[in-house]
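As structure tokens, the structure follows; a few thoughts come after it.
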Amino acid sequence: MKKIFFILLLLFSCNIEKKKIVIGVDEFFPPMTFRENNELKGIDVDLAKEVFKKLGYEIEFKPVVWEKIIEELTNKNIDIIWSGLSVTEERKAVIDFSIPYIETRQVIVTRYNSTIETKEDLVSKIIGVQKGSTGEHSLKKDSVLVKKLKKITEYDTVEKEIKDLEDGKIDAIVVDEIAAKYFLAGKAGNFKILNEHFGYEIFAVGLRKEDKLLKEKIDKALTTIMKNGTEEKIFKKWLGENRILADYLKRIKN
């Protein structure tokens, strides 16, 4: 009898849904996810808290080296990625994604007094990118341009590449516009963002392909906070009123 009870208990336990989610983040990617006063903050942190509060899950944010973020997910060291993760065909071949929640661009940032005005002006220049980012991917995808560059310098964080750009150690960086706008706020006289860019992209939550139920729940909760205005309030909190927010809201209305 005890043996039967134990088996039934084991089967019941296996069917209890996990109610804690470990979220992989880049702790150096403001305004999406970053650490301030030893606390993780940002757009994605606030969005995740709202979504999983609705779903009744406990959450834990786990900082991960960004270039290894997909590996951390597939190896089950984290449950999801929610940290300015761009949807790409290469990533879709390995993991699944939630519905998108923001659209941004991969922009070129230079010093304000730089003679660089177009992609062609990057020839023979040193360009900075964050390792494992879509900025790196977008730049290297342009194989013709890459062959003409003097060098591509890889960084662990966006903050470090912007510091080297400011110090004149590199000539330009390729980075998500949303991060560029945040870092360069109040520094209009030091930097400029070129009109030419490396294309549009969307951010979404990254999940393992087998976690279909979790994806459905996240999609439903995200849709709810999009429609009830919660998401817009979070974006305004971190971005204020600017083109990124305007384009995002336009996309949601469409």
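Following the order of the structure tokens, chains are lettered A, B, ..., residues in each are numbered from 1, and ligands are numbered from 1.
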Could you build a table of the residues in region 99-159 of chain A lying no more than 8 Å from region 16-37 of chain A, giving for each the nearest pair of atoms and their separation in Å rounded to one decimal place, using only C-alpha atoms, ordered by chain and ascending residue number, as CSV?
residue,atom,partner,partner_atom,distance
A:Thr157,CA,A:Phe28,CA,5.9
A:Val158,CA,A:Phe29,CA,6.8
A:Glu159,CA,A:Phe28,CA,7.4
Selection export as a PDB file, in the first residue's frame, atoms kept: C-alpha atoms:
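Once written, result_4.pdb looks like this:
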ATOM      1  CA  THR A 157      29.280  45.584 -22.844  1.00  0.00           C
ATOM      2  CA  VAL A 158      27.828  48.527 -24.754  1.00  0.00           C
ATOM      3  CA  GLU A 159      29.109  50.866 -22.041  1.00  0.00           C
TER       4      GLU A 159
END
In region 6-245 of chain A, DSSP helix (DSSP H, G or I) residues written as an MDAnalysis selection string: chainID A and resid 6:14 43:55 66:74 89:92 119:122 134:141 143:146 158:166 177:184 212:227 230:239 243:245
- request: Using only C-alpha atoms, determine which residues lie at most 10 Å from Asp121 (chain A), disregarding the query and same-chain residues fewer than 5 positions distant; provide the list as a PyMOL selection string.
  value: chain A and resi 115-116+149
Residues as selected, C-alpha atoms, written as an mmCIF file, in the first residue's frame, can you do that?
data_model
loop_
_atom_site.group_PDB
_atom_site.id
_atom_site.type_symbol
_atom_site.label_atom_id
_atom_site.label_comp_id
_atom_site.auth_asym_id
_atom_site.auth_seq_id
_atom_site.Cartn_x
_atom_site.Cartn_y
_atom_site.Cartn_z
ATOM 1 C CA THR A 115 33.675 62.897 -40.809
ATOM 2 C CA ILE A 116 31.761 59.611 -40.940
ATOM 3 C CA LEU A 149 37.137 47.779 -42.494
#
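Comparing the minimum interatomic distances between Lys54 (chain A) and each of A:Ile126, A:Ile218, A:Ile95, A:Leu239, counting only C-alpha atoms, we find that A:Ile218 sits nearest.
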